[in-house]
$ cat start.txt   # compact mmCIF, C-alpha atoms
# COMPACT_ATOMS: atom_id res chain seq x y z
CA MET A 1 62.37 -21.11 21.51
CA ILE A 2 63.05 -17.70 23.01
CA ARG A 3 61.91 -16.37 26.38
CA ALA A 4 58.42 -15.50 25.13
CA ALA A 5 57.63 -19.17 24.61
CA ALA A 6 58.65 -20.09 28.15
CA ALA A 7 56.64 -17.21 29.57
CA ALA A 8 53.52 -18.14 27.64
CA ALA A 9 52.49 -20.63 30.29
CA ALA A 10 51.94 -17.70 32.67
CA ALA A 11 49.69 -15.83 30.28
CA ALA A 12 46.07 -15.02 31.00
CA PRO A 13 43.65 -17.87 30.13
CA GLY A 14 43.16 -18.07 26.37
CA ASP A 15 45.81 -15.44 25.67
CA MET A 16 49.10 -16.99 24.69
CA LEU A 17 52.03 -15.81 22.65
CA ARG A 18 54.46 -18.38 21.34
CA ALA A 19 57.73 -17.40 19.69
CA GLU A 20 59.52 -20.05 17.69
CA THR A 21 61.91 -20.63 14.82
CA HIS A 22 60.48 -23.97 13.67
CA ALA A 23 56.80 -24.20 14.44
CA GLU A 24 54.72 -27.03 15.79
CA LEU A 25 51.31 -27.23 14.15
CA PRO A 26 49.86 -23.78 14.86
CA PRO A 27 46.28 -22.71 15.39
CA VAL A 28 44.75 -21.13 12.32
CA ALA A 29 45.67 -17.47 11.96
CA ILE A 30 42.82 -15.12 11.14
CA CYS A 31 45.26 -12.26 10.49
CA LYS A 32 49.01 -12.16 9.78
CA ILE A 33 51.08 -9.04 10.43
CA GLY A 34 54.62 -8.51 9.16
CA VAL A 35 56.63 -6.59 11.78
CA VAL A 36 59.94 -4.73 11.74
CA ALA A 37 61.45 -1.90 13.79
CA ASP A 38 64.26 0.64 13.53
CA ILE A 39 65.29 0.09 9.92
CA GLN A 40 67.09 3.45 10.01
CA TYR A 41 68.24 3.22 6.42
CA ALA A 42 70.70 5.76 5.03
CA ASP A 43 72.72 5.55 1.82
CA LEU A 44 75.97 5.40 3.77
CA GLU A 45 78.79 3.02 4.58
CA PRO A 46 78.58 1.38 8.04
CA GLY A 47 78.82 3.91 10.88
CA THR A 48 78.43 3.93 14.65
CA ASN A 49 76.03 5.09 17.33
CA PHE A 50 76.52 8.37 19.23
CA ALA A 51 78.81 6.70 21.78
CA LYS A 52 80.77 4.98 18.98
CA THR A 53 80.31 1.62 20.69
CA VAL A 54 78.03 -0.08 18.14
CA THR A 55 78.38 -0.50 14.39
CA ARG A 56 75.35 0.49 12.30
CA MET A 57 74.79 -1.19 8.92
CA TYR A 58 72.97 1.63 7.16
CA ARG A 59 72.72 0.14 3.66
CA GLY A 60 72.52 -3.39 5.00
CA SER A 61 69.25 -2.69 6.80
CA LEU A 62 67.48 -1.97 3.49
CA GLU A 63 69.10 -5.01 1.90
CA MET A 64 67.81 -7.18 4.75
CA LEU A 65 64.34 -5.74 4.21
CA ALA A 66 64.40 -6.33 0.44
CA LYS A 67 66.04 -9.76 0.40
CA GLY A 68 64.89 -11.14 3.76
CA ALA A 69 61.77 -9.60 5.22
CA VAL A 70 59.76 -8.89 2.07
CA PRO A 71 60.14 -12.38 0.55
CA TYR A 72 59.39 -13.96 3.93
CA TRP A 73 56.27 -11.85 4.45
CA LYS A 74 55.10 -12.66 0.93
CA SER A 75 55.59 -16.39 1.51
CA GLU A 76 53.60 -16.11 4.74
CA GLY A 77 50.77 -14.21 3.04
CA VAL A 78 50.68 -11.32 5.51
CA ASP A 79 47.56 -9.17 5.56
CA LEU A 80 49.37 -6.02 6.66
CA VAL A 81 52.83 -4.75 7.56
CA VAL A 82 53.77 -2.71 10.63
CA GLN A 83 56.86 -0.50 10.64
CA LEU A 84 57.44 0.34 14.30
CA GLY A 85 59.27 3.61 13.77
CA ASP A 86 62.69 4.98 12.74
CA ILE A 87 62.21 4.06 9.10
CA ILE A 88 65.30 6.10 8.06
CA ASP A 89 68.24 7.44 10.04
CA GLY A 90 68.88 10.99 11.21
CA ALA A 91 72.17 10.78 9.29
CA CYS A 92 70.12 11.41 6.14
CA VAL A 93 70.09 15.10 7.10
CA THR A 94 73.27 15.39 9.20
CA SER A 95 75.85 13.52 7.12
CA PRO A 96 78.06 15.78 4.96
CA LYS A 97 78.30 12.86 2.53
CA LEU A 98 74.63 13.19 1.55
CA ASP A 99 72.81 15.92 -0.35
CA GLY A 100 69.58 17.68 0.56
CA GLY A 101 67.43 15.16 -1.28
CA ALA A 102 68.81 12.11 0.53
CA ARG A 103 66.08 11.92 3.15
CA GLY A 104 63.29 11.92 0.56
CA ARG A 105 64.98 9.25 -1.55
CA ALA A 106 65.67 7.12 1.51
CA LEU A 107 62.06 7.33 2.69
CA SER A 108 60.73 6.45 -0.77
CA ASN A 109 63.10 3.48 -1.11
CA VAL A 110 62.07 1.93 2.21
CA MET A 111 58.36 2.61 1.76
CA ALA A 112 58.49 0.98 -1.67
CA GLN A 113 59.83 -2.23 -0.16
CA LEU A 114 57.36 -2.23 2.72
CA SER A 115 54.42 -1.90 0.32
CA LYS A 116 55.29 -5.03 -1.68
CA PRO A 117 53.79 -7.76 0.54
CA ALA A 118 50.30 -6.28 1.12
CA GLY A 119 50.05 -2.91 -0.65
CA GLN A 120 50.81 0.59 0.60
CA GLU A 121 47.35 1.06 2.13
CA ASN A 122 48.03 -1.93 4.39
CA VAL A 123 51.34 -0.63 5.75
CA HIS A 124 51.10 1.05 9.15
CA HIS A 125 53.93 3.40 10.07
CA LEU A 126 54.72 4.51 13.59
CA VAL A 127 56.65 7.70 14.17
CA GLY A 128 59.99 7.41 15.93
CA ASN A 129 62.60 9.95 16.86
CA HIS A 130 64.52 9.49 13.60
CA GLU A 131 61.47 10.33 11.47
CA LEU A 132 61.24 13.56 13.45
CA TYR A 133 64.92 14.35 12.88
CA ASN A 134 64.18 14.27 9.15
CA PHE A 135 60.65 15.63 8.68
CA ASP A 136 58.01 17.72 10.41
CA ARG A 137 54.93 16.00 11.78
CA GLU A 138 52.54 17.17 9.08
CA THR A 139 54.82 15.88 6.32
CA LEU A 140 54.87 12.51 8.06
CA ARG A 141 51.09 12.48 8.55
CA VAL A 142 50.64 12.86 4.79
CA ALA A 143 53.43 10.46 3.81
CA PHE A 144 52.12 7.75 6.15
CA GLY A 145 48.47 8.20 5.17
CA MET A 146 47.29 9.63 8.50
CA ASP A 147 45.67 12.69 6.95
CA GLY A 148 42.21 11.21 6.51
CA ARG A 149 42.74 9.73 3.05
CA THR A 150 43.24 6.13 4.09
CA LYS A 151 40.80 3.74 5.76
CA ASN A 152 42.03 2.35 9.11
CA LYS A 153 44.47 5.26 9.54
CA GLU A 154 42.24 7.94 11.01
CA PRO A 155 43.80 9.77 13.97
CA PRO A 156 42.21 12.71 15.77
CA PRO A 157 42.85 16.10 14.06
CA GLY A 158 46.58 16.78 14.13
CA GLY A 159 47.26 13.50 15.93
CA MET A 160 49.33 10.48 14.97
CA PHE A 161 47.59 7.85 17.09
CA TYR A 162 44.61 5.76 16.02
CA SER A 163 43.01 2.33 16.23
CA PHE A 164 41.46 -0.14 13.81
CA SER A 165 40.18 -3.70 13.68
CA PRO A 166 42.23 -5.95 11.39
CA CYS A 167 39.93 -8.94 11.88
CA ARG A 168 37.15 -10.19 14.12
CA GLY A 169 37.93 -10.18 17.81
CA TYR A 170 40.98 -7.92 17.64
CA ARG A 171 41.73 -4.22 17.83
CA ILE A 172 45.10 -2.66 17.03
CA VAL A 173 46.00 0.53 18.89
CA VAL A 174 48.72 2.67 17.31
CA LEU A 175 50.36 5.05 19.78
CA ASP A 176 52.37 8.21 19.22
CA ALA A 177 55.28 7.90 21.64
CA PHE A 178 56.32 11.48 20.81
CA HIS A 179 53.01 13.27 21.15
CA GLU A 180 54.66 15.34 23.88
CA ALA A 181 58.30 15.82 22.93
CA LEU A 182 60.95 18.38 22.09
CA ILE A 183 61.60 16.83 18.69
CA GLY A 184 59.00 17.45 16.01
CA ARG A 185 57.20 20.19 17.94
CA SER A 186 57.28 23.98 17.79
CA SER A 187 58.73 25.42 20.99
CA ALA A 188 55.53 27.47 21.27
CA SER A 189 53.29 24.39 21.38
CA GLN A 190 51.80 23.06 24.59
CA GLU A 191 53.13 19.59 23.79
CA TYR A 192 56.70 20.94 23.61
CA GLN A 193 56.31 22.91 26.81
CA ASN A 194 54.88 19.90 28.66
CA ALA A 195 57.81 17.75 27.52
CA LEU A 196 60.33 20.42 28.47
CA ALA A 197 58.83 20.74 31.94
CA THR A 198 58.97 16.96 32.40
CA LEU A 199 62.61 16.83 31.35
CA ARG A 200 63.65 19.73 33.55
CA ARG A 201 61.94 18.18 36.57
CA ASN A 202 63.80 14.92 36.11
CA ASN A 203 67.08 15.72 34.31
CA PRO A 204 69.70 18.12 35.73
CA ASN A 205 71.48 18.50 32.37
CA ASP A 206 70.89 21.14 29.70
CA VAL A 207 68.37 19.23 27.60
CA LEU A 208 68.27 21.98 24.98
CA LYS A 209 72.00 21.91 24.23
CA PRO A 210 73.19 19.56 21.45
CA GLY A 211 76.17 17.35 22.14
CA VAL A 212 75.61 17.21 25.89
CA ASN A 213 75.68 13.86 27.68
CA TRP A 214 72.01 14.03 28.64
CA THR A 215 72.23 10.90 30.82
CA ALA A 216 74.96 12.27 33.12
CA GLY A 217 73.83 11.90 36.72
CA LEU A 218 70.72 9.90 35.82
CA THR A 219 70.26 6.45 37.29
CA GLY A 220 67.81 3.60 36.90
CA LEU A 221 64.56 4.31 35.10
CA ASN A 222 65.16 8.07 35.28
CA ARG A 223 67.52 7.56 32.34
CA ARG A 224 64.43 7.71 30.14
CA PHE A 225 64.13 11.47 30.72
CA VAL A 226 66.19 12.51 27.69
CA PRO A 227 65.28 14.56 24.60
CA TYR A 228 65.25 11.60 22.21
CA ASN A 229 62.25 10.21 24.11
CA GLY A 230 58.77 11.62 24.60
CA GLY A 231 55.46 11.02 26.31
CA LEU A 232 51.90 10.17 25.38
CA GLY A 233 50.47 13.06 27.39
CA GLU A 234 47.07 13.43 29.05
CA THR A 235 45.11 13.76 25.80
CA GLN A 236 46.43 10.51 24.35
CA LEU A 237 46.25 8.69 27.69
CA GLY A 238 42.57 9.61 27.93
CA TRP A 239 42.01 8.37 24.38
CA LEU A 240 43.86 5.11 25.16
CA LYS A 241 41.71 4.52 28.23
CA ALA A 242 38.55 5.00 26.18
CA GLU A 243 39.83 2.61 23.49
CA LEU A 244 40.55 -0.16 26.00
CA ARG A 245 37.24 0.41 27.76
CA SER A 246 35.47 0.06 24.40
CA ALA A 247 37.47 -3.07 23.52
CA ALA A 248 36.62 -4.64 26.87
CA ALA A 249 32.92 -3.96 26.31
CA ARG A 250 33.10 -5.62 22.88
CA GLY A 251 35.19 -8.56 24.07
CA ASP A 252 38.09 -7.64 21.78
CA ARG A 253 41.73 -8.51 22.36
CA VAL A 254 44.06 -5.57 21.82
CA VAL A 255 47.49 -5.34 20.22
CA VAL A 256 49.30 -2.11 21.10
CA LEU A 257 52.01 -0.63 18.86
CA SER A 258 54.50 1.94 20.17
CA HIS A 259 57.92 3.03 18.95
CA ALA A 260 59.20 3.59 22.49
CA VAL A 261 58.96 0.82 25.07
CA LEU A 262 56.09 0.69 27.58
CA HIS A 263 57.52 -1.74 30.16
CA PRO A 264 60.85 -1.26 31.99
CA GLU A 265 61.76 -4.94 31.76
CA ALA A 266 61.39 -4.99 27.98
CA CYS A 267 64.43 -2.73 27.46
CA GLU A 268 67.57 -1.58 29.24
CA GLY A 269 65.91 1.50 30.72
CA THR A 270 66.65 4.49 28.47
CA THR A 271 64.16 3.89 25.66
CA MET A 272 60.76 4.16 27.39
CA VAL A 273 58.05 6.78 27.12
CA PHE A 274 58.12 9.36 29.93
CA ASP A 275 54.70 8.31 31.24
CA TYR A 276 54.95 4.53 30.93
CA GLU A 277 53.60 4.10 34.48
CA ASN A 278 50.34 5.79 33.47
CA VAL A 279 50.08 3.48 30.45
CA LEU A 280 50.60 0.35 32.54
CA ASP A 281 48.02 1.59 35.05
CA ILE A 282 45.46 1.88 32.23
CA PHE A 283 46.40 -1.62 31.03
CA GLY A 284 45.71 -2.85 34.56
CA GLN A 285 42.29 -1.21 34.64
CA TYR A 286 41.31 -2.82 31.33
CA PRO A 287 43.34 -6.06 30.97
CA VAL A 288 42.50 -6.67 27.33
CA VAL A 289 45.97 -5.95 25.87
CA VAL A 290 47.59 -9.25 24.89
CA VAL A 291 50.69 -7.98 23.08
CA VAL A 292 52.70 -4.75 22.94
CA LEU A 293 55.12 -4.43 20.02
CA ALA A 294 57.83 -1.78 20.28
CA GLY A 295 61.24 -0.80 18.96
CA HIS A 296 63.67 2.02 19.90
CA ASP A 297 65.99 -0.28 21.89
CA HIS A 298 68.14 -1.84 19.16
CA ASN A 299 69.08 -4.80 21.34
CA GLY A 300 65.49 -5.91 21.76
CA GLY A 301 63.75 -7.13 24.89
CA TYR A 302 60.85 -9.07 26.36
CA ALA A 303 58.67 -8.86 29.46
CA LEU A 304 55.48 -10.52 30.63
CA ASP A 305 53.47 -8.18 32.83
CA GLU A 306 51.18 -9.03 35.73
CA ASN A 307 48.13 -8.98 33.46
CA GLY A 308 49.56 -11.59 31.10
CA CYS A 309 50.46 -9.07 28.38
CA HIS A 310 53.59 -9.80 26.35
CA HIS A 311 55.84 -6.78 25.78
CA ILE A 312 58.07 -7.50 22.79
CA THR A 313 60.83 -5.11 21.73
CA LEU A 314 62.18 -5.95 18.29
CA LYS A 315 65.88 -5.68 17.51
CA SER A 316 67.11 -3.32 14.80
CA PRO A 317 68.26 -4.49 11.35
CA LEU A 318 71.16 -2.07 11.79
CA ASN A 319 72.78 -4.65 14.07
CA LYS A 320 73.54 -7.25 11.41
CA GLY A 321 72.48 -5.65 8.16
CA ALA A 322 71.91 -8.01 5.24
CA GLY A 323 73.14 -10.97 7.28
CA GLY A 324 70.38 -10.72 9.86
CA SER A 325 66.71 -11.64 10.19
CA CYS A 326 65.41 -8.81 12.39
CA PHE A 327 61.75 -9.21 11.46
CA GLY A 328 58.85 -11.54 12.02
CA VAL A 329 55.17 -12.29 11.58
CA VAL A 330 52.58 -11.87 14.31
CA GLU A 331 49.67 -14.26 13.89
CA LEU A 332 46.35 -13.34 15.44
CA CYS A 333 44.41 -16.52 16.14
CA GLU A 334 41.04 -17.21 17.69
CA ASN A 335 42.41 -17.90 21.18
CA SER A 336 46.10 -17.13 20.94
CA THR A 337 48.68 -14.83 19.46
CA ARG A 338 51.94 -16.05 17.96
CA LEU A 339 55.22 -14.51 16.86
CA ARG A 340 57.10 -16.37 14.15
CA GLY A 341 60.19 -15.72 12.07
CA PRO A 342 63.06 -17.37 10.20
CA ASP A 343 65.41 -16.78 13.16
CA LEU A 344 63.84 -15.06 16.13
CA ARG A 345 67.20 -14.88 17.90
CA ASP A 346 67.91 -12.03 15.48
CA ALA A 347 64.55 -10.38 16.12
CA VAL A 348 63.98 -10.49 19.88
CA ASP A 349 66.19 -10.74 22.95

$ encode --input "start.txt" --output "structure tokens"
Amino acid sequence: MIRAAAAAAAAAPGDMLRAETHAELPPVAICKIGVVADIQYADLEPGTNFAKTVTRMYRGSLEMLAKGAVPYWKSEGVDLVVQLGDIIDGACVTSPKLDGGARGRALSNVMAQLSKPAGQENVHHLVGNHELYNFDRETLRVAFGMDGRTKNKEPPPGGMFYSFSPCRGYRIVVLDAFHEALIGRSSASQEYQNALATLRRNNPNDVLKPGVNWTAGLTGLNRRFVPYNGGLGETQLGWLKAELRSAAARGDRVVVLSHAVLHPEACEGTTMVFDYENVLDIFGQYPVVVVVLAGHDHNGGYALDENGCHHITLKSPLNKGAGGSCFGVVELCENSTRLRGPDLRDAVD
């Protein structure tokens, strides 16, 4: 068992998350969700991160998906699949070894695999920073079915956040961690300007200059104020508050999905949304959120907050490639929520 299992005893009454490799007899799941984060596929030999301290298995991540995650999800009979952002890598457009069509082929290859367990209409894609390195927001809205064509994927006009009910008693809230950000936004937009103002208030470095060490001089949680992160912004925060208020009135449990992390103890500090404190304050006002699933931090993480909500940050398949099992299944049960997988040591810290 990983840390989530030990922490479950402290959960709010009736809300428990168990994480295990070999399960005891579980409660009956009323919905099963296949989960994966930060696939970051590119048709390239293994590379490294920006600091050249970590190897990235670009082709191996897709192989793990095709030979590990998809068969496992099929065997589990998942009802839907959640891709928590960074479906392909920014190297698809920056590598001199790839042509101009590489990003489109990479996206199609990964989406084809993700659609196999439950159908394309039942795949929910979050937008991460690497999607925005490759495509503009409107292209992604259409590719991911957020343009009004697909049931259960109906964001506000121009938005990439929405909610839906996958089964009785539960609501899933999909957040856009880059609603206010430098990446993916026109410099003339209010969302860009809000993000730029936030960064300049909190980061002394030139956040508009490529190649700069944006974390120089930043300490602690202020390390999140870098251009590869973003914020929810007031519009989305207001929407989130209304969603949780509505869920509380209905007696629904809520599962929140976000590419960037929402709790400082569920990551190492540089991969959170700018306005995570506002999010946690809203969670405190309406304590109906039982699980938050996130990515962005490739090393994974876990935290149990004061309201009994489990914050789970999934590891990236780039870490081990085809030899890893960086995926799982979230089971929504009548009175509990469970995370299962073939080897959760590969999936969560």

$ residues_around --input "start.txt" --residues "A:Glu265" --least-positions-apart "4" --cutoff "9 Å" --atoms "all atoms listed in the file" --output "VMD selection string"
chain A and resid 269 301 to 305 311

$ atom_distance --input "start.txt" --atom1 "atom CA of A:Ser325" --atom2 "atom CA of A:Glu131"
22.6 Å

$ atom_distance --input "start.txt" --atom1 "atom CA of A:Asp176" --atom2 "atom CA of A:Tyr72"
27.8 Å

$ residues_around --input "start.txt" --residues "A:Tyr286" --least-positions-apart "4" --cutoff "8 Å" --atoms "all atoms listed in the file" --output "PyMOL selection string"
chain A and resi 241+244-245+248+282

$ residues_around --input "start.txt" --residues "stretch 24-41 of chain A" --least-positions-apart "4" --cutoff "7 Å" --atoms "all atoms listed in the file" --output "ChimeraX atom specification"
/A:58-59,61-62,73,78-89,106,167,295-296,314-318,326-333

$ residues_around --input "start.txt" --residues "A:Asn222" --least-positions-apart "4" --cutoff "8 Å" --atoms "all atoms listed in the file" --output "NGL selection string"
:A and (202-203 or 218 or 270)

$ residues_around --input "start.txt" --residues "A:Gly231" --least-positions-apart "2" --cutoff "10 Å" --atoms "only C-alpha atoms" --output "list in words"
Asp176, Ala177, Phe178, His179, Glu180, Ala181, Glu191, Asn194, Ala195, Thr198, Phe225, Asn229, Gly233, Glu234, Gln236, Leu237, Ala260, Met272, Val273, Phe274, Asp275 and Tyr276 of chain A

$ atom_distance --input "start.txt" --atom1 "atom CA of A:Ala102" --atom2 "atom CA of A:Asn134"
10.0 Å

$ residues_near_point --input "start.txt" --point "(46.8, -2.5, 32.2)" --cutoff "12 Å" --atoms "all atoms listed in the file" --output "PyMOL selection string"
chain A and resi 240-241+244-245+248+254+256+262-263+276-292+304-311

$ residues_near_point --input "start.txt" --point "(63.2, -6.6, 3.4)" --cutoff "8 Å" --atoms "all atoms listed in the file" --output "list in words"
Ser61, Leu62, Glu63, Met64, Leu65, Ala66, Lys67, Gly68, Ala69, Val70, Pro71, Gln113 and Leu114 of chain A

$ closest_residue --input "start.txt" --among "A:Trp239, A:Phe144, A:Tyr133, A:Tyr192" --to "A:Ala91" --atoms "only C-alpha atoms"
A:Tyr133
